[in-house]
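The file data-v2.cif comes next; it holds mmCIF, C-alpha atoms.
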```
data_target
#
loop_
_atom_site.label_atom_id
_atom_site.label_comp_id
_atom_site.auth_asym_id
_atom_site.auth_seq_id
_atom_site.Cartn_x
_atom_site.Cartn_y
_atom_site.Cartn_z
CA MET A 256 -0.05 12.54 -21.43
CA ALA A 257 -1.01 11.78 -17.85
CA ILE A 258 -4.72 11.16 -17.28
CA LEU A 259 -4.40 12.67 -13.79
CA GLU A 260 -2.02 15.47 -12.81
CA VAL A 261 -1.82 16.65 -9.21
CA LYS A 262 0.47 19.61 -8.53
CA ASN A 263 1.35 21.24 -5.20
CA ILE A 264 -1.96 20.36 -3.52
CA ALA A 265 -2.42 21.69 0.01
CA LYS A 266 -5.38 21.21 2.34
CA ASN A 267 -5.88 22.48 5.89
CA PHE A 268 -8.54 21.74 8.46
CA GLY A 269 -8.31 24.82 10.63
CA GLU A 270 -4.73 25.06 11.86
CA PHE A 271 -3.98 21.44 10.97
CA LYS A 272 -2.16 20.99 7.65
CA VAL A 273 -3.45 17.69 6.27
CA LEU A 274 -1.83 17.90 2.83
CA LYS A 275 1.39 19.79 2.17
CA ASP A 276 2.53 20.35 -1.41
CA ILE A 277 1.44 17.00 -2.89
CA SER A 278 2.38 16.35 -6.54
CA PHE A 279 2.12 13.19 -8.67
CA ASN A 280 0.83 11.97 -12.05
CA VAL A 281 -1.15 8.90 -13.09
CA GLU A 282 -0.77 7.52 -16.60
CA GLN A 283 -3.48 5.74 -18.58
CA GLY A 284 -3.67 2.08 -17.51
CA GLN A 285 -1.47 2.61 -14.47
CA VAL A 286 -2.27 1.20 -11.03
CA VAL A 287 -1.03 3.50 -8.26
CA ALA A 288 -1.08 2.33 -4.64
CA ILE A 289 -0.96 4.98 -1.92
CA ILE A 290 0.28 3.63 1.40
CA GLY A 291 1.16 5.18 4.74
CA PRO A 292 0.09 5.37 8.38
CA SER A 293 -3.41 6.44 9.43
CA GLY A 294 -3.71 10.21 9.50
CA SER A 295 -1.11 10.77 6.78
CA GLY A 296 -3.64 12.45 4.44
CA LYS A 297 -4.26 9.60 1.98
CA SER A 298 -8.08 9.64 2.13
CA THR A 299 -8.20 13.45 2.17
CA LEU A 300 -6.14 13.48 -1.02
CA LEU A 301 -8.65 11.16 -2.71
CA ARG A 302 -11.54 13.31 -1.49
CA CYS A 303 -9.94 16.44 -2.97
CA ILE A 304 -9.49 14.76 -6.36
CA ASN A 305 -13.09 13.48 -6.26
CA GLN A 306 -14.52 16.93 -5.36
CA LEU A 307 -15.73 15.76 -1.95
CA GLU A 308 -13.33 18.26 -0.34
CA LYS A 309 -11.96 21.52 -1.73
CA ALA A 310 -8.20 21.89 -1.84
CA ASP A 311 -6.80 25.15 -0.48
CA SER A 312 -4.15 25.53 -3.18
CA GLY A 313 -2.47 23.70 -6.04
CA GLU A 314 -3.69 22.32 -9.33
CA ILE A 315 -5.60 19.19 -10.41
CA THR A 316 -6.07 18.20 -14.06
CA VAL A 317 -8.21 15.21 -15.12
CA ASP A 318 -8.00 13.86 -18.68
CA GLY A 319 -6.72 17.20 -19.97
CA THR A 320 -9.33 19.37 -18.21
CA LYS A 321 -8.16 21.59 -15.37
CA MET A 322 -10.40 20.93 -12.38
CA MET A 323 -8.88 23.57 -10.11
CA TYR A 324 -5.83 25.80 -9.84
CA THR A 325 -4.39 28.65 -7.78
CA ASN A 326 -4.32 31.96 -9.66
CA GLU A 327 -1.65 34.68 -9.52
CA ASN A 328 -3.40 36.26 -6.51
CA GLY A 329 -3.17 33.02 -4.53
CA LYS A 330 -6.91 32.33 -4.86
CA THR A 331 -8.16 28.80 -5.56
CA VAL A 332 -10.27 28.72 -8.73
CA TYR A 333 -12.47 25.77 -9.68
CA ALA A 334 -13.65 24.99 -13.22
CA PRO A 335 -17.21 25.90 -14.31
CA LYS A 336 -19.95 23.58 -13.05
CA LYS A 337 -20.34 21.84 -16.42
CA ASP A 338 -16.64 20.98 -16.53
CA LEU A 339 -16.73 19.75 -12.93
CA ARG A 340 -19.69 17.54 -13.77
CA ASP A 341 -17.88 16.12 -16.82
CA ILE A 342 -14.79 15.43 -14.70
CA ARG A 343 -16.92 13.75 -12.03
CA LEU A 344 -18.26 11.35 -14.66
CA LYS A 345 -14.72 10.35 -15.59
CA ILE A 346 -13.92 9.36 -12.01
CA GLY A 347 -15.27 6.46 -9.98
CA LEU A 348 -14.82 6.15 -6.23
CA VAL A 349 -15.29 2.99 -4.18
CA PHE A 350 -15.68 3.76 -0.48
CA GLN A 351 -14.45 1.61 2.38
CA ASN A 352 -17.98 1.36 3.84
CA PHE A 353 -19.73 0.46 0.55
CA ASN A 354 -22.23 3.42 0.58
CA LEU A 355 -24.92 1.41 -1.22
CA PHE A 356 -28.51 2.65 -1.16
CA PRO A 357 -30.07 0.38 1.50
CA HIS A 358 -33.62 0.75 0.11
CA PHE A 359 -32.56 -0.29 -3.44
CA ASN A 360 -31.91 -3.86 -4.47
CA VAL A 361 -28.61 -4.76 -6.16
CA LEU A 362 -29.90 -4.19 -9.69
CA HIS A 363 -31.39 -0.81 -8.78
CA ASN A 364 -28.14 0.25 -7.07
CA ILE A 365 -26.19 -0.43 -10.26
CA THR A 366 -28.67 0.94 -12.82
CA GLU A 367 -29.72 4.14 -11.01
CA ALA A 368 -26.81 6.35 -12.10
CA PRO A 369 -26.51 5.13 -15.73
CA VAL A 370 -30.22 5.78 -16.27
CA HIS A 371 -30.45 9.16 -14.54
CA VAL A 372 -26.95 10.54 -15.12
CA LEU A 373 -25.87 9.01 -18.43
CA LYS A 374 -29.47 8.88 -19.76
CA MET A 375 -29.01 5.21 -20.66
CA SER A 376 -32.18 3.26 -21.40
CA LYS A 377 -33.38 1.02 -18.58
CA GLU A 378 -32.97 -2.08 -20.72
CA GLN A 379 -29.42 -1.16 -21.68
CA ALA A 380 -28.60 -0.39 -18.04
CA LYS A 381 -29.98 -3.78 -16.95
CA LEU A 382 -27.92 -5.61 -19.58
CA GLN A 383 -24.81 -3.75 -18.48
CA ALA A 384 -25.59 -4.52 -14.82
CA ALA A 385 -25.96 -8.22 -15.62
CA ASP A 386 -22.52 -8.22 -17.29
CA LEU A 387 -20.95 -6.41 -14.33
CA LEU A 388 -22.56 -8.75 -11.79
CA GLU A 389 -21.24 -11.74 -13.72
CA LYS A 390 -17.80 -10.13 -13.67
CA MET A 391 -18.08 -9.67 -9.89
CA GLY A 392 -19.27 -13.25 -9.33
CA LEU A 393 -22.71 -12.05 -8.21
CA THR A 394 -25.05 -13.43 -10.86
CA GLY A 395 -28.37 -14.26 -9.19
CA LYS A 396 -28.09 -11.49 -6.58
CA GLU A 397 -29.96 -8.89 -8.65
CA LYS A 398 -33.00 -8.78 -6.35
CA ALA A 399 -31.09 -8.96 -3.07
CA TYR A 400 -30.89 -5.91 -0.80
CA PRO A 401 -27.59 -4.76 0.74
CA CYS A 402 -28.60 -6.03 4.19
CA GLU A 403 -28.91 -9.54 2.74
CA LEU A 404 -25.33 -9.56 1.43
CA SER A 405 -21.99 -10.19 3.09
CA GLY A 406 -19.53 -7.32 3.36
CA GLY A 407 -17.48 -8.72 0.50
CA GLN A 408 -20.57 -8.99 -1.70
CA GLN A 409 -21.63 -5.43 -0.85
CA GLN A 410 -18.18 -4.14 -1.78
CA ARG A 411 -18.30 -6.02 -5.09
CA VAL A 412 -21.70 -4.41 -5.80
CA SER A 413 -20.20 -1.00 -5.04
CA ILE A 414 -17.37 -1.71 -7.50
CA ALA A 415 -19.93 -2.74 -10.14
CA ARG A 416 -21.88 0.45 -9.45
CA ALA A 417 -18.75 2.56 -9.98
CA LEU A 418 -17.87 0.71 -13.20
CA ALA A 419 -21.43 1.21 -14.54
CA LEU A 420 -20.60 4.87 -15.20
CA LYS A 421 -17.61 3.82 -17.34
CA PRO A 422 -15.05 5.93 -15.48
CA LYS A 423 -11.60 6.60 -16.90
CA ILE A 424 -10.06 6.37 -13.43
CA LEU A 425 -11.27 4.26 -10.53
CA PHE A 426 -10.32 5.28 -6.99
CA PHE A 427 -10.47 2.95 -4.00
CA ASP A 428 -10.37 4.32 -0.46
CA GLU A 429 -9.18 1.40 1.69
CA PRO A 430 -11.62 -1.00 -0.01
CA THR A 431 -10.92 -3.88 2.37
CA SER A 432 -10.68 -2.07 5.73
CA ALA A 433 -14.28 -2.93 6.73
CA LEU A 434 -13.89 -6.61 5.83
CA ASP A 435 -12.54 -9.63 7.66
CA PRO A 436 -9.46 -11.36 6.14
CA GLU A 437 -11.48 -14.04 4.33
CA LEU A 438 -13.64 -11.47 2.53
CA THR A 439 -10.64 -9.25 1.81
CA GLY A 440 -9.39 -11.85 -0.64
CA GLU A 441 -12.59 -11.54 -2.70
CA ILE A 442 -12.05 -7.82 -3.26
CA LEU A 443 -8.34 -8.07 -3.94
CA LYS A 444 -9.06 -10.71 -6.61
CA VAL A 445 -11.55 -8.36 -8.33
CA ILE A 446 -9.08 -5.46 -8.29
CA LYS A 447 -6.32 -7.67 -9.68
CA GLU A 448 -8.63 -8.66 -12.56
CA LEU A 449 -9.35 -4.98 -13.29
CA ALA A 450 -5.60 -4.31 -13.30
CA LYS A 451 -5.13 -7.07 -15.91
CA GLU A 452 -7.72 -5.27 -18.05
CA LYS A 453 -5.60 -2.07 -17.81
CA MET A 454 -8.16 -0.17 -15.77
CA THR A 455 -6.53 3.01 -14.45
CA MET A 456 -6.73 2.84 -10.66
CA VAL A 457 -5.55 4.73 -7.60
CA ILE A 458 -5.81 2.61 -4.46
CA VAL A 459 -5.37 3.76 -0.87
CA THR A 460 -4.63 0.56 1.03
CA HIS A 461 -3.14 -0.93 4.18
CA GLU A 462 -2.62 -4.25 2.38
CA MET A 463 1.12 -4.09 1.72
CA ALA A 464 1.43 -7.43 -0.09
CA PHE A 465 -1.45 -6.42 -2.36
CA ALA A 466 0.08 -2.99 -3.08
CA ARG A 467 3.38 -4.66 -3.96
CA ASP A 468 1.77 -7.28 -6.22
CA VAL A 469 -0.84 -5.26 -8.13
CA ALA A 470 0.54 -1.70 -8.42
CA ASN A 471 2.85 -0.31 -11.10
CA HIS A 472 3.72 2.64 -8.89
CA VAL A 473 3.69 3.06 -5.10
CA ILE A 474 3.43 6.33 -3.17
CA PHE A 475 4.30 6.40 0.53
CA MET A 476 2.72 9.31 2.44
CA ASP A 477 3.37 10.47 5.97
CA GLU A 478 2.24 13.63 7.79
CA GLY A 479 0.70 15.15 4.67
CA VAL A 480 3.68 14.77 2.33
CA ILE A 481 4.92 12.21 -0.20
CA VAL A 482 7.97 10.75 1.49
CA GLU A 483 8.92 8.31 -1.24
CA GLU A 484 7.53 6.92 -4.49
CA GLY A 485 8.57 4.55 -7.22
CA ALA A 486 8.14 1.08 -8.65
CA PRO A 487 7.02 -1.55 -6.09
CA ASP A 488 10.38 -3.30 -6.21
CA GLU A 489 12.12 -0.04 -5.33
CA VAL A 490 9.80 1.04 -2.54
CA PHE A 491 9.37 -2.38 -0.93
CA GLY A 492 12.70 -3.97 -1.77
CA ASN A 493 15.23 -1.17 -1.99
CA THR A 494 13.80 1.80 -0.12
CA GLN A 495 16.22 4.66 0.47
CA ASN A 496 14.21 6.52 3.07
CA GLU A 497 14.45 5.73 6.77
CA ARG A 498 10.81 6.67 7.47
CA THR A 499 9.64 4.30 4.72
CA LYS A 500 11.85 1.54 6.09
CA GLN A 501 10.43 2.07 9.57
CA PHE A 502 6.84 1.90 8.29
CA LEU A 503 7.36 -1.17 6.10
CA SER A 504 9.32 -3.09 8.74
CA ARG A 505 6.06 -3.73 10.62
CA PHE A 506 4.61 -5.58 7.62
CA LYS A 507 7.54 -7.81 6.69
CA GLN A 508 7.26 -11.47 7.61
#
```

Any chance you could put this one into structure tokens?
Amino acid sequence: MAILEVKNIAKNFGEFKVLKDISFNVEQGQVVAIIGPSGSGKSTLLRCINQLEKADSGEITVDGTKMMYTNENGKTVYAPKKDLRDIRLKIGLVFQNFNLFPHFNVLHNITEAPVHVLKMSKEQAKLQAADLLEKMGLTGKEKAYPCELSGGQQQRVSIARALALKPKILFFDEPTSALDPELTGEILKVIKELAKEKMTMVIVTHEMAFARDVANHVIFMDEGVIVEEGAPDEVFGNTQNERTKQFLSRFKQ
């Protein structure tokens, strides 16, 4: 069974149709890369799945629990608050601009949610944070504040913070777009390691080589629709769609 099911999702901002009838599934342990030009609806799609925006119609199911659906009268119905909270805990989101708490040090940023949301003991949360920081190559940075870290280090802290809640799916919204090329490599290495560990991930990215190398499944979006999807070899090496070919031609060496 798919851990994430998205069916016929539509989202408008006023008269502008941002998402038009979007449907796809994500299986446990799968890495899905969503690519496409700016303004194609990729980030809005992630925001709808993460409850940061409300979809206008369609259906989203996370780990067997229906988050929202459109009833027979065409009205969008969201699950009860408790179910939405439970779903939110199963999903982690890493933003492109880090979104760390500037007044918390690194350790506090990572332990805050496990202690207050998961009711984990402070000692347990600190031990978990130490393990995550080691995994991110940031041992010794526990007392540093975000302003004292490079962009790549801040993004690795934000990944550790998301992992601290033990999500079943981890979403990345252009995780390297705010970084220079040298720091981009740090983040791509971390994500590749998570992929090796079979972490279920959905990644919106402009890094075509990375999408091709790390994803099991690639979705190409344009103007609010899924134009083409499939295995990386199919989408990048044997695309059948002219719009996809046009988009990818700019990235080929």

Matched chain/residue IDs from the PyMOL selection byres ((chain A and resi 324) around 12), as number ranges by chain = A: 260-265, 309-316, 320-323, 325-334

Emit the selected residues as a PDB file, keeping the file's coordinate frame, including C-alpha atoms.
```
ATOM      1  CA  GLU A 260      -2.020  15.470 -12.810  1.00  0.00           C
ATOM      2  CA  VAL A 261      -1.820  16.650  -9.210  1.00  0.00           C
ATOM      3  CA  LYS A 262       0.470  19.610  -8.530  1.00  0.00           C
ATOM      4  CA  ASN A 263       1.350  21.240  -5.200  1.00  0.00           C
ATOM      5  CA  ILE A 264      -1.960  20.360  -3.520  1.00  0.00           C
ATOM      6  CA  ALA A 265      -2.420  21.690   0.010  1.00  0.00           C
ATOM      7  CA  LYS A 309     -11.960  21.520  -1.730  1.00  0.00           C
ATOM      8  CA  ALA A 310      -8.200  21.890  -1.840  1.00  0.00           C
ATOM      9  CA  ASP A 311      -6.800  25.150  -0.480  1.00  0.00           C
ATOM     10  CA  SER A 312      -4.150  25.530  -3.180  1.00  0.00           C
ATOM     11  CA  GLY A 313      -2.470  23.700  -6.040  1.00  0.00           C
ATOM     12  CA  GLU A 314      -3.690  22.320  -9.330  1.00  0.00           C
ATOM     13  CA  ILE A 315      -5.600  19.190 -10.410  1.00  0.00           C
ATOM     14  CA  THR A 316      -6.070  18.200 -14.060  1.00  0.00           C
ATOM     15  CA  THR A 320      -9.330  19.370 -18.210  1.00  0.00           C
ATOM     16  CA  LYS A 321      -8.160  21.590 -15.370  1.00  0.00           C
ATOM     17  CA  MET A 322     -10.400  20.930 -12.380  1.00  0.00           C
ATOM     18  CA  MET A 323      -8.880  23.570 -10.110  1.00  0.00           C
ATOM     19  CA  THR A 325      -4.390  28.650  -7.780  1.00  0.00           C
ATOM     20  CA  ASN A 326      -4.320  31.960  -9.660  1.00  0.00           C
ATOM     21  CA  GLU A 327      -1.650  34.680  -9.520  1.00  0.00           C
ATOM     22  CA  ASN A 328      -3.400  36.260  -6.510  1.00  0.00           C
ATOM     23  CA  GLY A 329      -3.170  33.020  -4.530  1.00  0.00           C
ATOM     24  CA  LYS A 330      -6.910  32.330  -4.860  1.00  0.00           C
ATOM     25  CA  THR A 331      -8.160  28.800  -5.560  1.00  0.00           C
ATOM     26  CA  VAL A 332     -10.270  28.720  -8.730  1.00  0.00           C
ATOM     27  CA  TYR A 333     -12.470  25.770  -9.680  1.00  0.00           C
ATOM     28  CA  ALA A 334     -13.650  24.990 -13.220  1.00  0.00           C
TER      29      ALA A 334
END
```

Å distance separating atom CA of A:Lys275 from atom CA of A:Gly479, one decimal place =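 Atom CA of A:Lys275 sits 5.3 Å away from atom CA of A:Gly479.
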
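Pairwise distance (atom CA of A:Asn471, atom CA of A:Ala486) equals 6.0 Å.
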
Could you spell out the hits of the PyMOL selection byres ((chain A and resi 368-384) around 12) on the shown file, as a ChimeraX atom specification?
-> /A:340-341,343-345,347,356,361-367,385-391,393-397,412-422

Resolved residues for the PyMOL selection byres ((chain A and resi 481) around 10) as a ChimeraX atom specification = /A:274-279,289-291,295-297,474-480,482-484

Atoms kept (C-alpha atoms) for selection, written as a compact mmCIF listing (two decimals), keeping the file's coordinate frame:
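Saved the output as part-v1.txt:
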```txt
# COMPACT_ATOMS: atom_id res chain seq x y z
CA LEU A 274 -1.83 17.90 2.83
CA LYS A 275 1.39 19.79 2.17
CA ASP A 276 2.53 20.35 -1.41
CA ILE A 277 1.44 17.00 -2.89
CA SER A 278 2.38 16.35 -6.54
CA PHE A 279 2.12 13.19 -8.67
CA ILE A 289 -0.96 4.98 -1.92
CA ILE A 290 0.28 3.63 1.40
CA GLY A 291 1.16 5.18 4.74
CA SER A 295 -1.11 10.77 6.78
CA GLY A 296 -3.64 12.45 4.44
CA LYS A 297 -4.26 9.60 1.98
CA ILE A 474 3.43 6.33 -3.17
CA PHE A 475 4.30 6.40 0.53
CA MET A 476 2.72 9.31 2.44
CA ASP A 477 3.37 10.47 5.97
CA GLU A 478 2.24 13.63 7.79
CA GLY A 479 0.70 15.15 4.67
CA VAL A 480 3.68 14.77 2.33
CA VAL A 482 7.97 10.75 1.49
CA GLU A 483 8.92 8.31 -1.24
CA GLU A 484 7.53 6.92 -4.49
```

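Straight-line separation from atom CA of A:Asp428 to atom CA of A:Val457: 8.6 Å.
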
Have a look at A:Arg302, A:Arg467, A:Lys423, A:His461 and name the one nearest to A:Lys447; count all atoms listed in the file.
->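 When distances to A:Lys447 are compared using all atoms listed in the file, the smallest one comes from A:Arg467.
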
Which of these residues is nearest to A:Arg505, using all atoms listed in the file: A:Glu462, A:Asp435, A:Glu270, A:Glu441?
->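 Among the listed residues, A:Glu462 lies closest to A:Arg505.
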
Mind checking which residues fall within 6 Å of A:Gly485, counting all atoms listed in the file, ignoring those fewer than 2 positions away in the same chain, and posting them as a PyMOL selection string?
-> chain A and resi 472-473+490

Determine, counting all atoms listed in the file, which protein, DNA and RNA residues have an atom within 9 Å of an atom of A:Phe506; residues of the same chain fewer than 4 positions away are not included. Present the result as JSON, numbers by chain.
-> {"A": [463, 464, 502]}

Of the residues A:Phe491, A:Phe427, A:Phe268, A:Phe359, which is the one nearest to A:Val287, using only C-alpha atoms?
->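 Looking only at the distances to A:Val287, the closest residue turns out to be A:Phe427.
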
Contacts of A:Leu438 at 10 Å or less, counting all atoms listed in the file, minus same-chain residues fewer than 6 places along, as an mmCIF file with C-alpha atoms, keeping the file's coordinate frame?
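around_26.cif, written as the output of this step:
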```
data_model
loop_
_atom_site.group_PDB
_atom_site.id
_atom_site.type_symbol
_atom_site.label_atom_id
_atom_site.label_comp_id
_atom_site.auth_asym_id
_atom_site.auth_seq_id
_atom_site.Cartn_x
_atom_site.Cartn_y
_atom_site.Cartn_z
ATOM 1 C CA SER A 405 -21.990 -10.190 3.090
ATOM 2 C CA GLY A 406 -19.530 -7.320 3.360
ATOM 3 C CA GLY A 407 -17.480 -8.720 0.500
ATOM 4 C CA GLN A 408 -20.570 -8.990 -1.700
ATOM 5 C CA GLN A 410 -18.180 -4.140 -1.780
ATOM 6 C CA THR A 431 -10.920 -3.880 2.370
#
```

Starting from the incomplete input, reconstruct all heavy atoms of stretch 472-483 of chain A and report them as a compact mmCIF listing (two decimals), keeping the file's coordinate frame.
```
# COMPACT_ATOMS: atom_id res chain seq x y z
N HIS A 472 3.06 1.51 -9.53
CA HIS A 472 3.72 2.64 -8.89
C HIS A 472 3.18 2.74 -7.46
O HIS A 472 1.98 2.61 -7.24
CB HIS A 472 3.40 3.92 -9.67
CG HIS A 472 4.23 5.11 -9.26
ND1 HIS A 472 5.53 5.28 -9.69
CD2 HIS A 472 3.95 6.18 -8.48
CE1 HIS A 472 6.01 6.41 -9.19
NE2 HIS A 472 5.07 6.97 -8.44
N VAL A 473 4.07 2.97 -6.51
CA VAL A 473 3.69 3.06 -5.10
C VAL A 473 4.10 4.42 -4.55
O VAL A 473 5.21 4.89 -4.80
CB VAL A 473 4.34 1.93 -4.27
CG1 VAL A 473 4.00 2.09 -2.79
CG2 VAL A 473 3.91 0.57 -4.77
N ILE A 474 3.16 5.05 -3.83
CA ILE A 474 3.43 6.33 -3.17
C ILE A 474 3.31 6.12 -1.67
O ILE A 474 2.28 5.62 -1.19
CB ILE A 474 2.42 7.40 -3.63
CG1 ILE A 474 2.63 7.73 -5.12
CG2 ILE A 474 2.54 8.67 -2.79
CD1 ILE A 474 1.56 8.65 -5.70
N PHE A 475 4.34 6.48 -0.93
CA PHE A 475 4.30 6.40 0.53
C PHE A 475 4.12 7.81 1.09
O PHE A 475 4.94 8.69 0.86
CB PHE A 475 5.57 5.77 1.10
CG PHE A 475 5.67 5.85 2.60
CD1 PHE A 475 4.70 5.26 3.40
CD2 PHE A 475 6.71 6.53 3.23
CE1 PHE A 475 4.77 5.33 4.79
CE2 PHE A 475 6.80 6.61 4.61
CZ PHE A 475 5.82 6.00 5.40
N MET A 476 3.03 8.01 1.83
CA MET A 476 2.72 9.31 2.44
C MET A 476 2.86 9.24 3.95
O MET A 476 2.56 8.23 4.57
CB MET A 476 1.29 9.75 2.09
CG MET A 476 1.09 10.21 0.66
SD MET A 476 -0.62 10.75 0.35
CE MET A 476 -0.76 12.16 1.48
N ASP A 477 3.30 10.35 4.52
CA ASP A 477 3.37 10.47 5.97
C ASP A 477 3.28 11.95 6.34
O ASP A 477 3.93 12.79 5.71
CB ASP A 477 4.67 9.88 6.51
CG ASP A 477 4.68 9.79 8.03
OD1 ASP A 477 3.61 9.61 8.62
OD2 ASP A 477 5.77 9.90 8.62
N GLU A 478 2.41 12.26 7.29
CA GLU A 478 2.24 13.63 7.79
C GLU A 478 1.99 14.63 6.67
O GLU A 478 2.53 15.74 6.66
CB GLU A 478 3.45 14.05 8.63
CG GLU A 478 3.60 13.20 9.89
CD GLU A 478 4.73 13.67 10.79
OE1 GLU A 478 5.52 14.55 10.37
OE2 GLU A 478 4.81 13.17 11.92
N GLY A 479 1.16 14.22 5.70
CA GLY A 479 0.70 15.15 4.67
C GLY A 479 1.65 15.38 3.51
O GLY A 479 1.40 16.24 2.67
N VAL A 480 2.75 14.61 3.44
CA VAL A 480 3.68 14.77 2.33
C VAL A 480 3.97 13.40 1.70
O VAL A 480 3.79 12.36 2.33
CB VAL A 480 5.01 15.42 2.76
CG1 VAL A 480 4.76 16.81 3.34
CG2 VAL A 480 5.76 14.54 3.75
N ILE A 481 4.43 13.43 0.44
CA ILE A 481 4.92 12.21 -0.20
C ILE A 481 6.37 12.05 0.21
O ILE A 481 7.23 12.85 -0.16
CB ILE A 481 4.77 12.28 -1.73
CG1 ILE A 481 3.28 12.28 -2.11
CG2 ILE A 481 5.49 11.11 -2.39
CD1 ILE A 481 3.02 12.43 -3.60
N VAL A 482 6.63 11.00 0.98
CA VAL A 482 7.97 10.75 1.49
C VAL A 482 8.82 10.04 0.44
O VAL A 482 9.99 10.35 0.25
CB VAL A 482 7.91 9.90 2.78
CG1 VAL A 482 9.32 9.53 3.26
CG2 VAL A 482 7.16 10.65 3.87
N GLU A 483 8.19 9.10 -0.25
CA GLU A 483 8.92 8.31 -1.24
C GLU A 483 7.94 7.74 -2.24
O GLU A 483 6.78 7.46 -1.90
CB GLU A 483 9.69 7.18 -0.55
CG GLU A 483 10.63 6.41 -1.46
CD GLU A 483 11.58 5.48 -0.70
OE1 GLU A 483 11.51 5.44 0.54
OE2 GLU A 483 12.38 4.81 -1.36
```
